[in-house]
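Source file: final05.cif (mmCIF, C-alpha atoms)
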data_input
loop_
_atom_site.label_atom_id
_atom_site.label_comp_id
_atom_site.auth_asym_id
_atom_site.auth_seq_id
_atom_site.Cartn_x
_atom_site.Cartn_y
_atom_site.Cartn_z
CA MET A 142 119.61 -26.32 205.27
CA SER A 143 119.72 -29.49 203.22
CA ASP A 144 119.46 -29.22 199.45
CA ALA A 145 116.48 -31.55 199.64
CA GLU A 146 114.48 -29.16 201.83
CA ARG A 147 111.47 -27.97 199.88
CA ASP A 148 110.71 -24.29 199.37
CA GLU A 149 107.38 -24.78 201.09
CA ASP A 150 109.19 -26.14 204.16
CA LEU A 151 111.39 -23.04 204.23
CA VAL A 152 108.26 -20.87 204.03
CA ARG A 153 106.77 -22.77 206.98
CA ARG A 154 109.99 -22.34 208.97
CA PHE A 155 110.06 -18.61 208.23
CA ARG A 156 106.43 -18.24 209.31
CA ALA A 157 107.32 -20.13 212.49
CA GLY A 158 109.87 -17.46 213.36
CA GLU A 159 113.12 -18.64 211.71
CA PRO A 160 114.44 -15.65 209.68
CA ASP A 161 117.31 -17.75 208.29
CA ALA A 162 114.77 -19.73 206.28
CA PHE A 163 114.00 -16.63 204.20
CA THR A 164 117.71 -16.06 203.64
CA ASP A 165 117.91 -19.63 202.32
CA LEU A 166 115.01 -18.95 199.92
CA VAL A 167 116.74 -15.84 198.61
CA ARG A 168 120.05 -17.65 198.11
CA ARG A 169 118.29 -20.51 196.33
CA HIS A 170 116.33 -18.31 193.90
CA GLN A 171 118.20 -15.00 193.53
CA GLN A 172 120.07 -15.88 190.34
CA ARG A 173 116.97 -17.24 188.63
CA VAL A 174 114.91 -14.17 189.59
CA TYR A 175 117.68 -11.83 188.40
CA SER A 176 117.94 -13.73 185.12
CA LEU A 177 114.19 -13.47 184.57
CA CYS A 178 114.23 -9.73 185.30
CA LEU A 179 117.22 -9.19 183.02
CA ARG A 180 115.57 -10.96 180.09
CA VAL A 181 112.28 -9.11 180.54
CA LEU A 182 113.78 -5.66 181.16
CA GLY A 183 116.95 -5.87 179.04
CA ASP A 184 118.93 -3.72 181.49
CA ALA A 185 121.31 -5.18 184.08
CA ASP A 186 120.98 -2.33 186.60
CA ALA A 187 117.19 -2.27 186.39
CA ALA A 188 117.13 -6.08 186.66
CA ALA A 189 119.22 -5.99 189.84
CA ASP A 190 116.93 -3.36 191.37
CA VAL A 191 113.76 -5.21 190.37
CA ALA A 192 115.12 -8.55 191.62
CA GLN A 193 115.77 -6.89 194.98
CA ASP A 194 112.27 -5.37 194.91
CA THR A 195 110.90 -8.84 194.17
CA PHE A 196 112.38 -10.33 197.32
CA ILE A 197 111.20 -7.37 199.39
CA ALA A 198 107.69 -7.95 198.02
CA VAL A 199 108.01 -11.68 198.72
CA LEU A 200 109.02 -10.93 202.31
CA ARG A 201 106.00 -8.67 202.76
CA LYS A 202 103.57 -11.05 201.03
CA LEU A 203 104.83 -14.40 202.27
CA ASP A 204 101.83 -14.73 204.56
CA SER A 205 99.59 -14.62 201.46
CA PHE A 206 101.35 -17.64 199.90
CA ARG A 207 98.75 -20.39 200.30
CA GLY A 208 100.64 -23.19 198.62
CA ASP A 209 98.00 -23.72 195.89
CA ALA A 210 100.87 -23.65 193.39
CA ALA A 211 104.57 -24.30 193.77
CA PHE A 212 106.52 -21.58 195.56
CA THR A 213 108.59 -20.99 192.41
CA THR A 214 105.43 -20.37 190.38
CA TRP A 215 104.27 -17.80 192.94
CA LEU A 216 107.76 -16.26 193.05
CA HIS A 217 107.83 -15.92 189.26
CA ARG A 218 104.47 -14.15 189.36
CA VAL A 219 105.77 -11.69 191.98
CA ALA A 220 108.92 -11.10 189.89
CA LEU A 221 106.94 -10.53 186.70
CA ASN A 222 104.63 -8.09 188.46
CA ALA A 223 107.71 -6.19 189.64
CA CYS A 224 109.03 -6.18 186.06
CA TYR A 225 105.70 -4.88 184.74
CA ASP A 226 105.78 -2.11 187.35
CA GLU A 227 109.27 -1.13 186.19
CA LEU A 228 108.21 -1.15 182.53
CA ARG A 229 105.21 1.07 183.35
CA LYS A 230 107.50 3.47 185.25
CA LYS A 231 109.82 3.65 182.25
CA ARG A 232 106.91 4.59 179.99
CA ARG A 233 105.80 7.36 182.37
CA ARG A 234 109.22 8.96 182.83
CA PRO A 235 109.18 12.43 181.29
CA MET A 236 111.60 13.05 178.49
CA LEU A 237 114.20 15.73 179.13
CA HIS A 238 114.69 18.57 176.73
CA ILE A 239 118.25 19.42 175.79
CA ALA A 240 119.19 23.04 175.21
CA ALA A 241 121.16 23.47 172.01
CA ASP A 242 123.96 26.02 171.65
CA ASP A 243 121.60 28.45 169.90
CA GLY A 244 119.19 28.43 172.89
CA THR A 245 116.53 26.29 171.28
CA GLN A 246 115.37 23.08 172.90
CA ARG A 247 115.25 19.68 171.33
CA GLU A 248 114.05 16.31 172.54
CA PRO A 249 116.82 13.73 172.90
CA GLY A 250 114.56 10.86 171.86
CA PRO A 251 113.65 7.88 173.98
CA PRO A 252 115.46 7.55 177.32
CA VAL A 253 116.84 4.21 176.18
CA LEU A 254 118.42 4.00 172.76
CA ASP A 255 116.44 1.89 170.29
CA HIS A 256 118.83 -0.44 168.51
CA ALA A 257 116.17 -2.44 166.66
CA ASP A 258 117.61 -1.59 163.24
CA GLU A 259 121.11 -2.63 164.31
CA VAL A 260 119.89 -5.93 165.74
CA ALA A 261 118.69 -7.31 162.39
CA GLY A 262 121.30 -9.68 161.04
CA THR A 263 123.15 -10.04 164.35
CA ARG A 264 123.22 -12.88 166.84
CA ASP A 265 122.80 -10.67 169.88
CA VAL A 266 119.85 -12.45 171.45
CA ALA A 267 119.52 -10.15 174.46
CA ALA A 268 119.27 -7.04 172.31
CA ALA A 269 116.90 -8.75 169.89
CA LEU A 270 114.76 -10.01 172.75
CA ALA A 271 114.34 -6.46 174.02
CA THR A 272 112.77 -5.43 170.70
CA ILE A 273 109.88 -7.89 170.67
CA PRO A 274 106.51 -7.07 172.25
CA GLU A 275 106.40 -7.44 176.03
CA GLU A 276 103.70 -10.15 176.19
CA PHE A 277 105.62 -12.36 173.74
CA ARG A 278 108.98 -11.62 175.39
CA VAL A 279 107.73 -12.62 178.84
CA ALA A 280 106.23 -15.92 177.60
CA LEU A 281 109.37 -16.68 175.60
CA VAL A 282 111.70 -15.97 178.53
CA LEU A 283 109.67 -18.21 180.83
CA ALA A 284 109.56 -21.04 178.28
CA ASP A 285 112.98 -20.91 176.66
CA VAL A 286 115.23 -19.22 179.24
CA GLN A 287 113.60 -20.32 182.50
CA ASP A 288 112.66 -23.71 180.96
CA MET A 289 109.21 -23.57 182.50
CA ALA A 290 106.40 -25.89 181.36
CA TYR A 291 103.45 -24.31 179.53
CA ASP A 292 100.98 -25.17 182.29
CA ARG A 293 103.16 -23.39 184.89
CA ILE A 294 103.57 -20.39 182.59
CA ALA A 295 99.77 -20.27 182.22
CA HIS A 296 99.46 -20.22 186.00
CA VAL A 297 102.14 -17.53 186.43
CA LEU A 298 100.64 -15.29 183.74
CA ASP A 299 97.04 -16.18 184.65
CA VAL A 300 96.12 -16.94 181.03
CA PRO A 301 94.91 -20.11 179.27
CA ILE A 302 97.55 -22.59 178.13
CA GLY A 303 96.58 -21.98 174.48
CA THR A 304 97.43 -18.30 174.93
CA VAL A 305 100.83 -19.28 176.33
CA LYS A 306 101.55 -21.52 173.34
CA SER A 307 100.50 -18.78 170.95
CA ARG A 308 102.63 -16.15 172.69
CA VAL A 309 105.69 -18.41 172.78
CA HIS A 310 105.27 -19.26 169.09
CA ARG A 311 104.77 -15.62 168.09
CA GLY A 312 107.65 -14.61 170.34
CA ARG A 313 109.97 -17.07 168.62
CA LEU A 314 108.91 -15.74 165.21
CA ALA A 315 109.44 -12.15 166.34
CA LEU A 316 112.84 -13.00 167.86
CA ALA A 317 113.94 -14.74 164.67
CA ALA A 318 112.83 -11.73 162.61
CA ALA A 319 114.64 -9.33 164.96
CA MET A 320 117.79 -11.41 164.60
CA GLY A 321 117.41 -11.59 160.83
CA ILE A 322 117.08 -15.38 160.78
CA ASP A 323 115.09 -17.22 158.14
CA LEU A 324 113.22 -19.91 160.09
CA ALA A 325 113.11 -22.26 157.10
CA THR A 326 116.90 -22.44 156.79
CA GLY A 327 118.09 -21.14 160.17
CA GLU A 328 120.25 -18.61 158.34
CA PRO A 329 120.04 -14.89 157.65
CA PRO A 330 117.71 -14.05 154.74
CA ALA A 331 119.22 -14.39 151.28
CA ARG A 332 119.27 -10.63 150.72
CA SER A 333 121.61 -10.17 153.70
CA ARG A 334 123.94 -13.08 152.84
CA PRO A 335 126.87 -12.36 150.53
CA SER A 336 126.39 -13.59 146.99
CA GLU A 337 128.13 -16.86 146.18
CA GLN A 338 128.85 -15.69 142.65
CA GLU A 339 131.42 -13.02 142.03
CA PRO A 340 130.32 -10.24 139.63
#
Please render this file's structure as C-alpha coordinates.
Amino acid sequence: MSDAERDEDLVRRFRAGEPDAFTDLVRRHQQRVYSLCLRVLGDADAAADVAQDTFIAVLRKLDSFRGDAAFTTWLHRVALNACYDELRKKRRRPMLHIAADDGTQREPGPPVLDHADEVAGTRDVAAALATIPEEFRVALVLADVQDMAYDRIAHVLDVPIGTVKSRVHRGRLALAAAMGIDLATGEPPARSRPSEQEP
(Lines of atoms letter the chains of each structure in order from A and count residues from 1; the text may use other names and numbers.)
(Lines give C-alpha, C1' and ligand atoms only; values in the text may rest on other atoms or scores of the structure.)
Protein backbone atom coordinates (compact mmCIF):
# COMPACT_ATOMS: atom_id res chain seq x y z
CA MET A 1 0.00 0.00 0.00
CA SER A 2 1.30 3.44 -0.84
CA ASP A 3 1.00 6.18 1.77
CA ALA A 4 -0.91 8.21 -0.78
CA GLU A 5 -3.68 5.61 -1.10
CA ARG A 6 -6.89 7.11 0.23
CA ASP A 7 -8.95 5.44 2.94
CA GLU A 8 -11.88 5.29 0.57
CA ASP A 9 -9.74 3.36 -1.93
CA LEU A 10 -8.84 0.86 0.78
CA VAL A 11 -12.54 0.47 1.60
CA ARG A 12 -13.27 -0.21 -2.08
CA ARG A 13 -10.46 -2.77 -2.24
CA PHE A 14 -11.75 -4.52 0.90
CA ARG A 15 -15.28 -4.63 -0.54
CA ALA A 16 -13.81 -6.09 -3.73
CA GLY A 17 -12.43 -9.02 -1.74
CA GLU A 18 -8.95 -7.88 -0.61
CA PRO A 19 -8.79 -8.52 3.18
CA ASP A 20 -5.33 -6.92 3.39
CA ALA A 21 -6.94 -3.56 2.65
CA PHE A 22 -8.77 -3.70 6.00
CA THR A 23 -5.52 -4.57 7.76
CA ASP A 24 -4.01 -1.45 6.18
CA LEU A 25 -6.92 0.67 7.47
CA VAL A 26 -6.43 -0.68 10.98
CA ARG A 27 -2.68 -0.04 10.92
CA ARG A 28 -3.25 3.49 9.63
CA HIS A 29 -5.84 4.46 12.25
CA GLN A 30 -5.31 2.25 15.32
CA GLN A 31 -3.21 4.71 17.31
CA ARG A 32 -5.57 7.60 16.66
CA VAL A 33 -8.62 5.53 17.62
CA TYR A 34 -6.89 4.29 20.79
CA SER A 35 -5.91 7.85 21.70
CA LEU A 36 -9.48 9.05 21.24
CA CYS A 37 -10.83 6.20 23.39
CA LEU A 38 -8.22 6.83 26.07
CA ARG A 39 -9.06 10.53 26.33
CA VAL A 40 -12.80 9.89 26.45
CA LEU A 41 -12.69 6.94 28.86
CA GLY A 42 -9.64 7.85 30.96
CA ASP A 43 -8.62 4.21 31.38
CA ALA A 44 -5.90 2.55 29.28
CA ASP A 45 -7.30 -1.00 29.53
CA ALA A 46 -10.83 0.08 28.69
CA ALA A 47 -9.50 2.22 25.82
CA ALA A 48 -7.63 -0.75 24.35
CA ASP A 49 -10.75 -2.92 24.56
CA VAL A 50 -13.00 -0.24 23.08
CA ALA A 51 -10.52 0.52 20.28
CA GLN A 52 -10.58 -3.18 19.39
CA ASP A 53 -14.39 -3.18 19.57
CA THR A 54 -14.38 -0.15 17.26
CA PHE A 55 -12.50 -1.98 14.53
CA ILE A 56 -14.71 -5.04 14.92
CA ALA A 57 -17.74 -2.77 14.48
CA VAL A 58 -16.08 -1.10 11.48
CA LEU A 59 -15.46 -4.50 9.91
CA ARG A 60 -19.12 -5.46 10.39
CA LYS A 61 -20.48 -2.09 9.21
CA LEU A 62 -18.09 -1.30 6.38
CA ASP A 63 -20.78 -2.06 3.84
CA SER A 64 -22.87 0.77 5.36
CA PHE A 65 -20.10 3.34 4.74
CA ARG A 66 -21.52 5.38 1.86
CA GLY A 67 -18.70 7.88 1.51
CA ASP A 68 -20.92 10.91 2.24
CA ALA A 69 -18.24 12.02 4.71
CA ALA A 70 -14.57 11.19 4.99
CA PHE A 71 -13.78 7.70 6.23
CA THR A 72 -12.03 9.17 9.29
CA THR A 73 -15.17 11.12 10.22
CA TRP A 74 -17.23 7.92 10.01
CA LEU A 75 -14.55 6.02 11.95
CA HIS A 76 -14.56 8.64 14.72
CA ARG A 77 -18.33 8.33 14.99
CA VAL A 78 -18.07 4.53 15.34
CA ALA A 79 -15.33 4.94 17.97
CA LEU A 80 -17.34 7.49 19.95
CA ASN A 81 -20.41 5.25 19.88
CA ALA A 82 -18.25 2.43 21.26
CA CYS A 83 -16.98 4.78 23.99
CA TYR A 84 -20.54 5.82 24.88
CA ASP A 85 -21.52 2.15 25.11
CA GLU A 86 -18.62 1.53 27.50
CA LEU A 87 -19.54 4.56 29.62
CA ARG A 88 -23.16 3.35 29.83
CA LYS A 89 -21.94 -0.12 30.87
CA LYS A 90 -19.82 1.43 33.60
CA ARG A 91 -22.83 3.29 34.98
CA ARG A 92 -24.91 0.09 35.05
CA ARG A 93 -22.33 -2.10 36.78
CA PRO A 94 -23.62 -3.05 40.23
CA MET A 95 -21.56 -1.94 43.16
CA LEU A 96 -20.14 -4.72 45.30
CA HIS A 97 -20.70 -4.78 49.01
CA ILE A 98 -17.69 -5.49 51.19
CA ALA A 99 -18.14 -7.50 54.36
CA ALA A 100 -16.42 -5.86 57.30
CA ASP A 101 -14.75 -7.86 60.08
CA ASP A 102 -17.82 -7.44 62.30
CA GLY A 103 -20.09 -9.06 59.67
CA THR A 104 -21.75 -5.87 58.52
CA GLN A 105 -21.67 -4.83 54.89
CA ARG A 106 -20.50 -1.54 53.51
CA GLU A 107 -20.40 -0.09 50.03
CA PRO A 108 -16.89 0.52 48.72
CA GLY A 109 -17.91 3.62 46.80
CA PRO A 110 -17.70 4.09 43.06
CA PRO A 111 -15.93 1.32 41.11
CA VAL A 112 -13.41 3.87 39.89
CA LEU A 113 -11.81 6.17 42.42
CA ASP A 114 -12.85 9.80 42.04
CA HIS A 115 -9.74 11.96 42.23
CA ALA A 116 -11.46 15.24 41.34
CA ASP A 117 -10.38 16.92 44.58
CA GLU A 118 -6.76 15.87 44.08
CA VAL A 119 -6.70 17.13 40.50
CA ALA A 120 -7.26 20.79 41.42
CA GLY A 121 -3.94 22.59 41.35
CA THR A 122 -2.13 19.85 39.41
CA ARG A 123 -1.06 19.71 35.79
CA ASP A 124 -2.31 16.18 35.22
CA VAL A 125 -4.41 16.84 32.14
CA ALA A 126 -5.61 13.25 31.68
CA ALA A 127 -6.96 13.03 35.21
CA ALA A 128 -8.50 16.49 34.98
CA LEU A 129 -10.06 15.65 31.63
CA ALA A 130 -11.78 12.64 33.17
CA THR A 131 -13.57 14.90 35.67
CA ILE A 132 -15.35 17.16 33.19
CA PRO A 133 -18.81 16.32 31.82
CA GLU A 134 -18.83 13.74 29.03
CA GLU A 135 -20.34 15.96 26.30
CA PHE A 136 -17.71 18.67 26.88
CA ARG A 137 -14.88 16.12 27.21
CA VAL A 138 -15.72 14.46 23.90
CA ALA A 139 -15.89 17.78 22.01
CA LEU A 140 -12.66 18.96 23.63
CA VAL A 141 -10.80 15.73 22.81
CA LEU A 142 -11.89 15.90 19.18
CA ALA A 143 -10.92 19.56 18.85
CA ASP A 144 -7.76 19.83 20.93
CA VAL A 145 -6.33 16.30 21.01
CA GLN A 146 -7.48 14.93 17.65
CA ASP A 147 -7.09 18.40 16.04
CA MET A 148 -10.37 18.03 14.19
CA ALA A 149 -12.11 21.02 12.57
CA TYR A 150 -15.41 22.16 14.10
CA ASP A 151 -17.43 21.25 11.01
CA ARG A 152 -16.09 17.66 11.12
CA ILE A 153 -16.79 17.45 14.86
CA ALA A 154 -20.35 18.62 14.17
CA HIS A 155 -20.71 15.82 11.63
CA VAL A 156 -19.22 13.18 13.94
CA LEU A 157 -21.41 14.21 16.89
CA ASP A 158 -24.43 14.98 14.70
CA VAL A 159 -24.96 18.39 16.32
CA PRO A 160 -24.90 21.96 14.93
CA ILE A 161 -21.51 23.66 14.65
CA GLY A 162 -22.59 26.27 17.23
CA THR A 163 -23.15 23.47 19.74
CA VAL A 164 -19.66 22.15 19.04
CA LYS A 165 -18.12 25.59 19.64
CA SER A 166 -20.07 25.97 22.85
CA ARG A 167 -19.09 22.52 24.12
CA VAL A 168 -15.41 23.06 23.30
CA HIS A 169 -15.44 26.45 25.03
CA ARG A 170 -17.23 25.11 28.11
CA GLY A 171 -14.95 22.06 28.10
CA ARG A 172 -11.87 24.28 28.13
CA LEU A 173 -13.29 26.29 31.03
CA ALA A 174 -14.13 23.11 32.95
CA LEU A 175 -10.68 21.64 32.26
CA ALA A 176 -8.97 24.82 33.44
CA ALA A 177 -11.08 24.80 36.61
CA ALA A 178 -10.32 21.11 37.23
CA MET A 179 -6.62 21.86 36.85
CA GLY A 180 -6.86 24.89 39.11
CA ILE A 181 -5.76 27.33 36.40
CA ASP A 182 -6.90 30.94 36.32
CA LEU A 183 -7.68 31.59 32.65
CA ALA A 184 -6.88 35.30 32.95
CA THR A 185 -3.29 34.68 34.04
CA GLY A 186 -2.70 31.05 33.03
CA GLU A 187 -1.59 30.34 36.60
CA PRO A 188 -3.15 28.63 39.60
CA PRO A 189 -5.59 30.89 41.49
CA ALA A 190 -4.01 33.31 43.95
CA ARG A 191 -5.34 31.43 46.97
CA SER A 192 -3.38 28.31 45.94
CA ARG A 193 -0.12 30.15 45.10
CA PRO A 194 2.37 30.70 47.92
CA SER A 195 2.42 34.22 49.26
CA GLU A 196 5.25 36.39 47.97
CA GLN A 197 5.55 38.15 51.32
CA GLU A 198 6.96 36.33 54.29
CA PRO A 199 4.94 36.71 57.53
I'd like the neighbourhood of Asp150 of chain A as a PyMOL selection string, where a residue qualifies if any of its atoms comes within 12 Å (using all atoms listed in the file), though same-chain residues fewer than 2 positions away should be ignored. chain A and resi 142-148+152-157+159+162-163+165-166+208+211-212
Resolved residues for the PyMOL selection byres ((chain A and resi 176) around 12) as a ChimeraX atom specification: /A:170-175,177-189,191-192,217,220-221,224,267,282-283,286-287
Smallest atom-to-atom distance to Asp285 of chain A: which of A:Arg313, A:Thr304, A:Val297, A:Ile273, using all atoms listed in the file? A:Arg313
Quick check, in Å to one decimal: how far apart do atom CA of Arg308 of chain A and atom CA of Phe277 of chain A lie?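 It comes out at 4.9 Å.
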Any chance you could resolve the PyMOL selection byres ((chain A and resi 290-292) around 9) against this file and give the residues as a PyMOL selection string? chain A and resi 283-284+288-289+293-297+301-303+305-306
Output C-alpha atoms for every residue in the selection just made, as a PDB file, in the coordinates of the input.
ATOM      1  CA  LEU A 283     109.670 -18.210 180.830  1.00  0.00           C
ATOM      2  CA  ALA A 284     109.560 -21.040 178.280  1.00  0.00           C
ATOM      3  CA  ASP A 288     112.660 -23.710 180.960  1.00  0.00           C
ATOM      4  CA  MET A 289     109.210 -23.570 182.500  1.00  0.00           C
ATOM      5  CA  ARG A 293     103.160 -23.390 184.890  1.00  0.00           C
ATOM      6  CA  ILE A 294     103.570 -20.390 182.590  1.00  0.00           C
ATOM      7  CA  ALA A 295      99.770 -20.270 182.220  1.00  0.00           C
ATOM      8  CA  HIS A 296      99.460 -20.220 186.000  1.00  0.00           C
ATOM      9  CA  VAL A 297     102.140 -17.530 186.430  1.00  0.00           C
ATOM     10  CA  PRO A 301      94.910 -20.110 179.270  1.00  0.00           C
ATOM     11  CA  ILE A 302      97.550 -22.590 178.130  1.00  0.00           C
ATOM     12  CA  GLY A 303      96.580 -21.980 174.480  1.00  0.00           C
ATOM     13  CA  VAL A 305     100.830 -19.280 176.330  1.00  0.00           C
ATOM     14  CA  LYS A 306     101.550 -21.520 173.340  1.00  0.00           C
TER      15      LYS A 306
END
In terms of the shortest atom-to-atom distance over only C-alpha atoms, which of A:Glu275, A:Thr214, A:Arg201, A:Arg169 is closest to Arg229 of chain A? A:Glu275
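Nearest to Thr213 of chain A of all the residues A:Val167, A:Val300, A:Ala269, A:Ile197 is A:Val167, counting all atoms listed in the file.
What separates atom CA of Asp299 of chain A from atom CA of Ala271 of chain A is a distance of 22.5 Å.
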What is the atom CA of Leu270 of chain A-atom CA of Leu314 of chain A distance in Å, reported with one decimal? 11.1 Å
For a quick check of understanding, using only C-alpha atoms, which of A:Leu281, A:Ile322, A:Ala198, A:Leu298 has the smallest distance to Ala223 of chain A?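 Answer, going by the shortest atom-to-atom distance: A:Ala198.
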Go through A:Glu227, A:Glu149, A:Asp194, A:Glu276 one by one, measure the shortest atom-to-atom distance of each to Trp215 of chain A using all atoms listed in the file, and give the residue with the smallest value.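 The answer is A:Glu149, which sits nearest to Trp215 of chain A.
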